[in-house]
Structures are given as C-alpha cells and as structure tokens.
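*Asks:* Just protein_34.txt, nothing more (compact mmCIF, C-alpha atoms):
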```
# COMPACT_ATOMS: atom_id res chain seq x y z
CA LEU L 1 -45.51 75.48 116.03
CA TYR L 2 -48.61 77.51 115.30
CA ASP L 3 -51.72 75.50 114.41
CA VAL L 4 -54.97 77.23 113.55
CA MET L 5 -57.05 74.38 114.99
CA PHE L 6 -55.37 74.88 118.37
CA GLU L 7 -56.64 78.46 118.31
CA ILE L 8 -60.20 77.39 117.44
CA LEU L 9 -60.64 74.28 119.61
CA PRO L 10 -60.37 74.01 123.41
CA ASP L 11 -57.19 72.70 125.03
CA TRP L 12 -57.79 69.42 126.87
CA SER L 13 -54.14 68.43 126.96
CA ASP L 14 -54.36 67.89 130.72
CA VAL L 15 -56.58 64.85 130.12
CA THR L 16 -54.45 61.73 130.45
CA PHE L 17 -57.13 59.19 129.47
CA PRO L 18 -56.44 57.89 125.91
CA VAL L 19 -59.76 58.95 124.35
CA PRO L 20 -58.70 58.33 120.71
CA ASN L 21 -57.75 54.75 121.56
CA VAL L 22 -61.17 54.01 123.09
CA ILE L 23 -62.97 55.50 120.08
CA PHE L 24 -60.73 53.50 117.76
CA ILE L 25 -61.50 50.23 119.59
CA ALA L 26 -65.24 50.91 119.27
CA GLN L 27 -64.76 51.66 115.59
CA ALA L 28 -62.80 48.43 115.02
CA LEU L 29 -65.43 46.31 116.79
CA ILE L 30 -68.21 47.86 114.71
CA VAL L 31 -66.35 47.23 111.45
CA ILE L 32 -65.57 43.62 112.39
CA PHE L 33 -69.24 43.06 113.26
CA ALA L 34 -70.66 44.85 110.21
CA ILE L 35 -68.29 43.83 107.44
CA LYS L 36 -69.73 41.60 104.74
CA GLU L 37 -68.55 38.10 103.98
CA PRO L 38 -65.88 36.90 103.53
CA LYS L 39 -64.84 38.63 106.76
CA TYR L 40 -61.39 37.07 106.98
CA LYS L 41 -60.53 38.45 103.53
CA TYR L 42 -61.31 42.04 104.49
CA ILE L 43 -59.77 41.73 107.95
CA CYS L 44 -56.55 40.44 106.35
CA GLN L 45 -56.64 43.26 103.80
CA HIS L 46 -57.03 45.81 106.58
CA LEU L 47 -54.17 44.30 108.57
CA PHE L 48 -51.92 44.22 105.51
CA LEU L 49 -52.64 47.83 104.57
CA ASN L 50 -52.41 49.03 108.16
CA CYS L 51 -49.03 47.33 108.62
CA THR L 52 -47.80 48.77 105.32
CA LEU L 53 -48.90 52.30 106.24
CA LEU L 54 -47.47 52.07 109.74
CA ALA L 55 -44.16 50.85 108.28
CA VAL L 56 -44.11 53.96 106.09
CA ARG L 57 -44.98 55.98 109.20
CA GLY L 58 -42.05 54.35 110.99
CA PHE L 59 -39.74 55.66 108.28
CA THR L 60 -41.21 59.15 108.46
CA THR L 61 -41.08 59.28 112.26
CA SER L 62 -37.40 58.43 112.18
CA SER L 63 -36.67 61.11 109.60
CA THR L 64 -39.15 63.87 110.50
CA HIS L 65 -39.34 65.24 114.00
CA MET L 66 -41.68 68.10 114.77
CA PRO L 67 -41.43 70.04 118.02
CA ASN L 68 -43.48 68.84 120.98
CA ILE L 69 -46.90 70.38 121.24
CA ARG L 70 -46.70 70.10 125.00
CA VAL L 71 -44.00 68.69 127.28
CA TYR L 72 -45.60 66.43 129.89
CA ASP L 73 -43.96 65.59 133.21
CA TYR L 74 -43.39 61.98 132.18
CA CYS L 75 -41.49 63.22 129.11
CA LYS L 76 -38.96 64.91 131.35
CA GLU L 77 -38.18 61.54 132.96
CA ARG L 78 -35.38 59.55 131.33
CA PRO L 79 -36.17 55.80 131.45
CA ASP L 80 -33.36 53.67 132.83
CA ASN L 81 -34.16 50.58 130.74
CA TRP L 82 -36.08 49.41 127.70
CA PHE L 83 -38.99 47.96 129.71
CA ARG L 84 -39.54 51.26 131.53
CA ALA L 85 -39.51 53.10 128.19
CA LEU L 86 -42.05 50.65 126.76
CA THR L 87 -44.25 50.97 129.85
CA LEU L 88 -44.22 54.76 129.53
CA MET L 89 -45.06 54.55 125.81
CA ILE L 90 -47.97 52.16 126.40
CA THR L 91 -49.29 54.24 129.27
CA TYR L 92 -48.84 57.73 127.83
CA GLY L 93 -47.79 57.43 124.22
CA THR L 94 -44.67 58.99 122.78
CA CYS L 95 -43.32 62.29 124.00
CA SER L 96 -42.93 63.87 120.59
CA ASP L 97 -45.23 64.64 117.76
CA TYR L 98 -44.40 62.82 114.56
CA MET L 99 -45.39 63.15 110.95
CA PHE L 100 -47.96 61.52 110.26
CA SER L 101 -50.72 60.42 112.64
CA GLY L 102 -50.96 56.64 113.14
CA HIS L 103 -54.30 57.06 114.93
CA THR L 104 -55.72 58.82 111.88
CA VAL L 105 -54.29 56.17 109.52
CA THR L 106 -55.88 53.28 111.36
CA SER L 107 -59.19 55.04 111.98
CA PHE L 108 -59.53 56.31 108.39
CA LEU L 109 -58.59 52.89 107.02
CA LEU L 110 -61.36 51.34 109.13
CA PHE L 111 -63.74 53.96 107.75
CA LEU L 112 -62.70 53.17 104.16
CA PHE L 113 -63.32 49.45 104.72
CA ALA L 114 -66.71 50.27 106.27
CA TYR L 115 -67.51 52.52 103.31
CA THR L 116 -66.55 49.81 100.83
CA HIS L 117 -67.85 46.67 102.55
CA THR L 118 -70.71 47.54 104.95
CA SER L 119 -74.15 49.11 104.86
CA ARG L 120 -74.90 52.84 104.97
CA VAL L 121 -75.78 52.86 108.68
CA TYR L 122 -72.34 51.52 109.63
CA VAL L 123 -70.64 53.96 107.24
CA ILE L 124 -72.35 56.91 108.97
CA LEU L 125 -71.53 55.53 112.43
CA ASN L 126 -67.91 54.94 111.41
CA GLY L 127 -67.69 58.42 109.92
CA LEU L 128 -68.83 59.91 113.21
CA LEU L 129 -66.26 57.84 115.11
CA LEU L 130 -63.53 58.91 112.67
CA CYS L 131 -64.49 62.55 113.32
CA GLY L 132 -64.35 61.77 117.06
CA VAL L 133 -60.82 60.41 116.74
CA ILE L 134 -59.65 63.44 114.76
CA PHE L 135 -61.38 65.88 117.13
CA SER L 136 -59.88 64.19 120.19
CA LEU L 137 -56.40 64.24 118.61
CA TRP L 138 -56.76 68.00 118.19
CA VAL L 139 -58.21 68.86 121.60
CA LEU L 140 -55.81 66.56 123.45
CA ARG L 141 -52.97 68.15 121.44
CA TRP L 142 -51.63 64.78 120.31
CA HIS L 143 -51.11 65.87 116.68
CA TYR L 144 -50.87 68.95 114.54
CA THR L 145 -53.39 69.48 111.76
CA SER L 146 -50.69 68.76 109.16
CA ASP L 147 -50.07 65.32 110.74
CA ILE L 148 -53.74 64.48 110.40
CA LEU L 149 -54.18 65.81 106.85
CA ILE L 150 -51.12 63.96 105.56
CA ALA L 151 -52.33 60.76 107.24
CA LEU L 152 -55.71 61.11 105.50
CA ILE L 153 -54.11 61.70 102.10
CA VAL L 154 -51.54 58.89 102.37
CA THR L 155 -54.16 56.42 103.63
CA TRP L 156 -56.67 57.28 100.92
CA LEU L 157 -54.07 57.02 98.14
CA THR L 158 -52.79 53.68 99.46
CA PHE L 159 -56.32 52.28 99.79
CA VAL L 160 -57.29 53.36 96.26
CA LEU L 161 -54.08 51.91 94.82
CA TYR L 162 -54.64 48.62 96.63
CA LYS L 163 -58.30 48.31 95.61
CA ASP L 164 -57.46 49.17 91.97
CA HIS L 165 -54.86 46.40 92.00
CA GLU L 166 -57.44 44.02 93.45
CA LYS L 167 -59.93 44.79 90.67
CA GLU L 168 -57.39 44.53 87.85
CA ASN L 169 -55.83 41.26 88.96
CA GLU L 170 -58.83 39.54 90.54
CA THR L 171 -56.73 38.90 93.62
CA TRP L 172 -57.32 40.36 97.02
CA PHE L 173 -53.72 40.30 98.09
CA TYR L 174 -50.40 41.03 96.45
CA PHE L 175 -49.37 37.40 96.71
CA SER L 176 -51.14 34.91 94.45
CA SER L 177 -50.65 32.05 96.94
CA PHE L 178 -53.29 33.67 99.17
CA THR L 179 -56.00 33.36 96.50
CA ARG L 180 -56.13 29.56 96.41
```
Just give me the structure of the file as structure tokens.
*Replies:*
Amino acid sequence: LYDVMFEILPDWSDVTFPVPNVIFIAQALIVIFAIKEPKYKYICQHLFLNCTLLAVRGFTTSSTHMPNIRVYDYCKERPDNWFRALTLMITYGTCSDYMFSGHTVTSFLLFLFAYTHTSRVYVILNGLLLCGVIFSLWVLRWHYTSDILIALIVTWLTFVLYKDHEKENETWFYFSSFTR
C-alpha cells in the first residue's frame, strides 16, 4: 500500500535491531521512576488500560489484515512447531502489518500517564520518546501511518473515558473492591 510517510522518510527496514522496543523500555522506566504517589495505583491503571487496548487490538488483528510492508527472509520460513513460531515472533516480531499499532498504544499510554501524573520535565522527555517510537516505526517500516494514527485516537479516547469514569465515581478502577 502507498504511504506518504514512506516517501518522505528514509527506509531503514534492513535494520533488524528492535529500536522501538528499546525506546519503549526507556520510556516505561522513566514513567515508573517519575510517577507521583501512589505509584501502585497508576501502574495498575496503566496495566489495566494497556491490557484492555491490546485485547481490542487482538480482535482487530484477527479481523483486519493489511498487506506486508516488506517480506523478510524469516517470514518466508514456515515454522514446524509452536515454539519455533513463538521464538521467531519474539526475535523478529510478526510478519504482517496489523491494524492498529500496539507499540504506539503502549508508548502513547505511557505518555498520557506521564502527562497526567508527573512533572513537566518528564512529560517533555516522554513526548520525545513517544516521537522516537513513532519515527522508528515509520523508518523501520513496521507500521503504516494509518496504523499509528488509529492507535493514537483509540488510546486517547480510552484514556479520557477511563479518567472521566474515575473522576465521576471516585474510584480508580472499574471494580469497587479495589478501592478498599
């Protein structure tokens, strides 16, 4: 498929090092360090929202398949068992591009928690790391622009909905047993 960002940005699809994952790990460590008290509350909120969004992503990946941006050599190999398939996925990622980007979901969700619960310095740093994740997804040709934009929209809407619920009900989770 044609993507205008692929025309503008360089093609680094030959790079096999998982750059977005490294940036994401740095982003997660910064948020965990910088987040205000009570840390466990916000970490649990992030995990809950991330799991919810990735479950929605699981549904969309099973129902929406976009053509590969690039077919790598390891994608031509057919794994002979489940463990080999898992090893290939952990090492290289999936061989298809799916709607929407899980990297963008997790990274943007970390940014939103930093924006809401940390100081300005950490928000700026997290914003730069979020831009780094998105840029690396484009130049490595891991996702189309539409994958990234939809991930940003879905994540923002879910976060706003969740935080509005938290304010209205004075609970930080959807289950009242967690507030005791």
*Asks:* Rounded to one decimal in Å, what is the spacing between CA of His143 (chain L) and CA of Ile43 (chain L)?
*Replies:*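 These atoms are spaced 27.1 Å apart.
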*Asks:* Between L:His103, L:Cys131, L:Val71, L:Ala151, which residue has the minimum interatomic distance to Ser13 (chain L), considering all atoms listed in the file?
*Replies:*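 Closest to Ser13 (chain L), using all atoms listed in the file: L:Val71.
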*Asks:* Would you work out the distance separating CA of Cys75 (chain L) from CA of Ile134 (chain L), expressed in Å to one decimal?
*Replies:*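 It comes out at 23.1 Å.
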*Asks:* With a distance cut-off of 12 Å and only C-alpha atoms, select the neighbouring residues of Phe159 (chain L), excluding the residue or stretch itself and same-chain residues fewer than 4 positions from it, and output the selection as number ranges by chain.
*Replies:* L: 45-46, 48-50, 52-53, 105-106, 108-113, 115-116, 151-155, 163-166
*Asks:* Could you please determine the separation between CA of Val139 (chain L) and CA of Val56 (chain L) in Å, to one decimal place?
*Replies:*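 Atom-to-atom, CA of Val139 (chain L) to CA of Val56 (chain L), that is 25.7 Å.
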*Asks:* So that I can check the surroundings of Tyr42 (chain L), please list as a ChimeraX atom specification every protein, DNA and RNA residue that reaches within 9 Å of it, counting only C-alpha atoms and ignoring chain neighbours fewer than 4 positions away.
*Replies:* /L:35-38,46-47,113,117,172
